[in-house]
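Chemist: Data file structure-v6.pdb (PDB, C-alpha atoms) is appended below.
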```
ATOM      1  CA  MET A   1     -97.377 -72.467   4.156  1.00  0.00           C
ATOM      2  CA  THR A   2    -101.035 -71.849   4.939  1.00  0.00           C
ATOM      3  CA  LYS A   3    -104.096 -73.654   3.619  1.00  0.00           C
ATOM      4  CA  LEU A   4    -105.951 -71.525   1.081  1.00  0.00           C
ATOM      5  CA  LEU A   5    -108.700 -73.923   0.035  1.00  0.00           C
ATOM      6  CA  ALA A   6    -109.579 -77.372  -1.266  1.00  0.00           C
ATOM      7  CA  PRO A   7    -110.842 -77.058  -4.861  1.00  0.00           C
ATOM      8  CA  ARG A   8    -114.188 -78.680  -5.718  1.00  0.00           C
ATOM      9  CA  ASP A   9    -112.820 -80.568  -8.720  1.00  0.00           C
ATOM     10  CA  GLU A  10    -109.851 -80.982 -11.038  1.00  0.00           C
ATOM     11  CA  ASN A  11    -110.984 -78.139 -13.324  1.00  0.00           C
ATOM     12  CA  GLU A  12    -111.176 -75.656 -10.473  1.00  0.00           C
ATOM     13  CA  LEU A  13    -107.739 -76.778  -9.291  1.00  0.00           C
ATOM     14  CA  MET A  14    -106.193 -76.175 -12.711  1.00  0.00           C
ATOM     15  CA  MET A  15    -107.819 -72.760 -13.082  1.00  0.00           C
ATOM     16  CA  LEU A  16    -106.742 -71.623  -9.615  1.00  0.00           C
ATOM     17  CA  MET A  17    -103.185 -72.836 -10.213  1.00  0.00           C
ATOM     18  CA  SER A  18    -103.093 -70.812 -13.423  1.00  0.00           C
ATOM     19  CA  LEU A  19    -104.501 -67.696 -11.751  1.00  0.00           C
ATOM     20  CA  LEU A  20    -102.067 -67.922  -8.834  1.00  0.00           C
ATOM     21  CA  GLU A  21     -99.143 -68.335 -11.232  1.00  0.00           C
ATOM     22  CA  SER A  22    -100.257 -65.338 -13.286  1.00  0.00           C
ATOM     23  CA  GLU A  23    -100.347 -63.234 -10.099  1.00  0.00           C
ATOM     24  CA  GLY A  24     -96.863 -64.398  -9.113  1.00  0.00           C
ATOM     25  CA  ILE A  25     -98.132 -66.138  -5.977  1.00  0.00           C
ATOM     26  CA  THR A  26     -96.077 -69.099  -4.776  1.00  0.00           C
ATOM     27  CA  TYR A  27     -98.219 -72.131  -3.987  1.00  0.00           C
ATOM     28  CA  ARG A  28     -97.964 -75.842  -3.340  1.00  0.00           C
ATOM     29  CA  ILE A  29    -100.582 -78.541  -3.893  1.00  0.00           C
ATOM     30  CA  GLN A  30    -100.870 -81.067  -1.094  1.00  0.00           C
ATOM     31  CA  ASN A  31    -101.563 -84.581  -2.520  1.00  0.00           C
ATOM     32  CA  GLU A  32    -100.951 -83.273  -6.043  1.00  0.00           C
ATOM     33  CA  HIS A  33     -99.818 -86.629  -7.438  1.00  0.00           C
ATOM     34  CA  PHE A  34    -101.733 -88.904  -5.081  1.00  0.00           C
ATOM     35  CA  GLY A  35    -104.308 -89.958  -7.680  1.00  0.00           C
ATOM     36  CA  GLY A  36    -101.545 -91.315  -9.922  1.00  0.00           C
ATOM     37  CA  LEU A  37    -100.227 -93.743  -7.313  1.00  0.00           C
ATOM     38  CA  TYR A  38    -102.856 -96.396  -7.856  1.00  0.00           C
ATOM     39  CA  PRO A  39    -104.418 -97.673 -11.076  1.00  0.00           C
ATOM     40  CA  GLY A  40    -108.144 -97.440 -11.615  1.00  0.00           C
ATOM     41  CA  LEU A  41    -110.675 -94.764 -10.895  1.00  0.00           C
ATOM     42  CA  ASN A  42    -109.450 -91.387  -9.691  1.00  0.00           C
ATOM     43  CA  ILE A  43    -112.258 -90.113  -7.446  1.00  0.00           C
ATOM     44  CA  PHE A  44    -111.428 -86.498  -6.670  1.00  0.00           C
ATOM     45  CA  ALA A  45    -113.399 -86.368  -3.410  1.00  0.00           C
ATOM     46  CA  LEU A  46    -111.325 -89.237  -1.984  1.00  0.00           C
ATOM     47  CA  ASN A  47    -108.036 -87.770  -3.210  1.00  0.00           C
ATOM     48  CA  GLU A  48    -108.604 -84.216  -1.995  1.00  0.00           C
ATOM     49  CA  ARG A  49    -105.991 -81.733  -3.063  1.00  0.00           C
ATOM     50  CA  ILE A  50    -105.326 -78.681  -0.935  1.00  0.00           C
ATOM     51  CA  ILE A  51    -103.813 -75.431  -2.184  1.00  0.00           C
ATOM     52  CA  LEU A  52    -101.213 -74.042   0.208  1.00  0.00           C
ATOM     53  CA  VAL A  53     -99.730 -70.554  -0.119  1.00  0.00           C
ATOM     54  CA  ASP A  54     -97.050 -68.590   1.705  1.00  0.00           C
ATOM     55  CA  GLU A  55     -98.419 -66.653   4.647  1.00  0.00           C
ATOM     56  CA  SER A  56     -97.112 -63.438   3.103  1.00  0.00           C
ATOM     57  CA  ASP A  57     -99.196 -64.083  -0.049  1.00  0.00           C
ATOM     58  CA  TYR A  58    -102.321 -65.355   1.706  1.00  0.00           C
ATOM     59  CA  GLU A  59    -104.392 -62.143   1.387  1.00  0.00           C
ATOM     60  CA  ARG A  60    -103.671 -61.785  -2.345  1.00  0.00           C
ATOM     61  CA  ALA A  61    -104.315 -65.488  -2.959  1.00  0.00           C
ATOM     62  CA  TRP A  62    -107.586 -65.327  -1.036  1.00  0.00           C
ATOM     63  CA  VAL A  63    -108.784 -62.421  -3.203  1.00  0.00           C
ATOM     64  CA  VAL A  64    -107.866 -64.340  -6.393  1.00  0.00           C
ATOM     65  CA  ALA A  65    -109.718 -67.462  -5.189  1.00  0.00           C
ATOM     66  CA  ARG A  66    -112.739 -65.468  -3.991  1.00  0.00           C
ATOM     67  CA  ASP A  67    -113.050 -63.555  -7.257  1.00  0.00           C
ATOM     68  CA  PHE A  68    -112.687 -66.744  -9.298  1.00  0.00           C
ATOM     69  CA  ARG A  69    -115.403 -68.575  -7.362  1.00  0.00           C
ATOM     70  CA  LYS A  70    -117.675 -65.527  -7.483  1.00  0.00           C
ATOM     71  CA  THR A  71    -117.270 -65.375 -11.271  1.00  0.00           C
ATOM     72  CA  MET A  72    -118.033 -69.089 -11.598  1.00  0.00           C
ATOM     73  CA  GLU A  73    -121.214 -68.763  -9.534  1.00  0.00           C
ATOM     74  CA  GLU A  74    -122.656 -65.805 -11.467  1.00  0.00           C
ATOM     75  CA  PRO A  75    -125.092 -66.820 -14.195  1.00  0.00           C
ATOM     76  CA  SER A  76    -123.663 -66.127 -17.609  1.00  0.00           C
ATOM     77  CA  LYS A  77    -125.428 -64.357 -20.450  1.00  0.00           C
ATOM     78  CA  ALA A  78    -125.659 -67.694 -22.280  1.00  0.00           C
ATOM     79  CA  ASP A  79    -127.598 -69.165 -19.336  1.00  0.00           C
ATOM     80  CA  SER A  80    -130.116 -66.319 -19.454  1.00  0.00           C
ATOM     81  CA  GLU A  81    -130.688 -66.926 -23.159  1.00  0.00           C
ATOM     82  CA  LYS A  82    -131.583 -70.609 -22.767  1.00  0.00           C
ATOM     83  CA  GLY A  83    -134.889 -71.407 -24.349  1.00  0.00           C
ATOM     84  CA  ARG A  84    -134.554 -68.762 -27.046  1.00  0.00           C
ATOM     85  CA  ILE A  85    -134.627 -70.077 -30.568  1.00  0.00           C
ATOM     86  CA  SER A  86    -132.051 -68.810 -32.989  1.00  0.00           C
ATOM     87  CA  THR A  87    -132.555 -69.669 -36.652  1.00  0.00           C
ATOM     88  CA  ILE A  88    -130.419 -69.091 -39.698  1.00  0.00           C
ATOM     89  CA  ARG A  89    -133.274 -69.507 -42.171  1.00  0.00           C
ATOM     90  CA  PRO A  90    -136.558 -67.654 -41.965  1.00  0.00           C
ATOM     91  CA  PRO A  91    -139.289 -69.806 -40.357  1.00  0.00           C
ATOM     92  CA  GLY A  92    -141.036 -70.554 -43.701  1.00  0.00           C
ATOM     93  CA  CYS A  93    -137.866 -71.978 -45.291  1.00  0.00           C
ATOM     94  CA  LEU A  94    -137.367 -75.085 -43.177  1.00  0.00           C
ATOM     95  CA  PRO A  95    -136.379 -78.218 -45.117  1.00  0.00           C
ATOM     96  CA  GLN A  96    -139.177 -80.698 -45.744  1.00  0.00           C
ATOM     97  CA  ASN A  97    -138.917 -84.314 -44.641  1.00  0.00           C
ATOM     98  CA  THR A  98    -138.517 -86.345 -47.858  1.00  0.00           C
ATOM     99  CA  ASP A  99    -138.124 -89.705 -46.133  1.00  0.00           C
ATOM    100  CA  ASN A 100    -140.833 -92.004 -47.498  1.00  0.00           C
ATOM    101  CA  GLY A 101    -139.961 -94.847 -45.149  1.00  0.00           C
ATOM    102  CA  ALA A 102    -138.476 -97.084 -47.856  1.00  0.00           C
TER     103      ALA A 102
END
```
Represent the supplied structure as structure tokens.

Modeler:
Amino acid sequence: MTKLLAPRDENELMMLMSLLESEGITYRIQNEHFGGLYPGLNIFALNERIILVDESDYERAWVVARDFRKTMEEPSKADSEKGRISTIRPPGCLPQNTDNGA
């Protein structure tokens, strides 16, 4: 088996595992259960997992991983809309503060 990559965090690992499975690519995770050996904090950077794939599947797996990371790095439409105010009520119909401090 050949090293494909070391995911940045647990979420990326889970997503890549799912994508590889959906493409029918055989993989193995080096140190997959290492974090469960000891009680306490599981610091991902110290318990690095590495995705290994068969040499025959390496090109396909690399394309899957590349496309996934590219998608994750592209700004989403939601990010471009930050700062915009969306209201349900018209601006003149906001509820009034009735708290008199008592």

Chemist: Give me, please, the distance in Å between atom CA of Ile25 of chain A and atom CA of Val53 of chain A, quoted to one decimal.

Modeler: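 For atom CA of Ile25 of chain A relative to atom CA of Val53 of chain A, the distance reads 7.5 Å.
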
Chemist: Smallest atom-to-atom distance to Arg60 of chain A: which of A:Met15, A:Met72, A:Ile29, A:Leu4, using only C-alpha atoms?

Modeler: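 Comparing A:Met15, A:Met72, A:Ile29, A:Leu4 against Arg60 of chain A, the winner is A:Leu4.
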
Chemist: So what does the PyMOL selection byres ((chain A and resi 27) around 10) actually pick up in this one, as a PDB file with C-alpha atoms, in the coordinates of the input?

Modeler:
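To be explicit, this is the file written out as result19.pdb:
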```pdb
ATOM      1  CA  MET A   1     -97.377 -72.467   4.156  1.00  0.00           C
ATOM      2  CA  THR A   2    -101.035 -71.849   4.939  1.00  0.00           C
ATOM      3  CA  LYS A   3    -104.096 -73.654   3.619  1.00  0.00           C
ATOM      4  CA  LEU A   4    -105.951 -71.525   1.081  1.00  0.00           C
ATOM      5  CA  MET A  17    -103.185 -72.836 -10.213  1.00  0.00           C
ATOM      6  CA  LEU A  20    -102.067 -67.922  -8.834  1.00  0.00           C
ATOM      7  CA  GLU A  21     -99.143 -68.335 -11.232  1.00  0.00           C
ATOM      8  CA  GLY A  24     -96.863 -64.398  -9.113  1.00  0.00           C
ATOM      9  CA  ILE A  25     -98.132 -66.138  -5.977  1.00  0.00           C
ATOM     10  CA  THR A  26     -96.077 -69.099  -4.776  1.00  0.00           C
ATOM     11  CA  ARG A  28     -97.964 -75.842  -3.340  1.00  0.00           C
ATOM     12  CA  ILE A  29    -100.582 -78.541  -3.893  1.00  0.00           C
ATOM     13  CA  GLN A  30    -100.870 -81.067  -1.094  1.00  0.00           C
ATOM     14  CA  ILE A  51    -103.813 -75.431  -2.184  1.00  0.00           C
ATOM     15  CA  LEU A  52    -101.213 -74.042   0.208  1.00  0.00           C
ATOM     16  CA  VAL A  53     -99.730 -70.554  -0.119  1.00  0.00           C
ATOM     17  CA  ASP A  54     -97.050 -68.590   1.705  1.00  0.00           C
ATOM     18  CA  ASP A  57     -99.196 -64.083  -0.049  1.00  0.00           C
ATOM     19  CA  TYR A  58    -102.321 -65.355   1.706  1.00  0.00           C
ATOM     20  CA  ALA A  61    -104.315 -65.488  -2.959  1.00  0.00           C
TER      21      ALA A  61
END
```

Chemist: Specify as a PyMOL selection string each residue included when the PyMOL selection byres ((chain A and resi 66-70) around 12) is applied to this file.

Modeler: chain A and resi 4-5+7-8+12-20+58-65+71-76
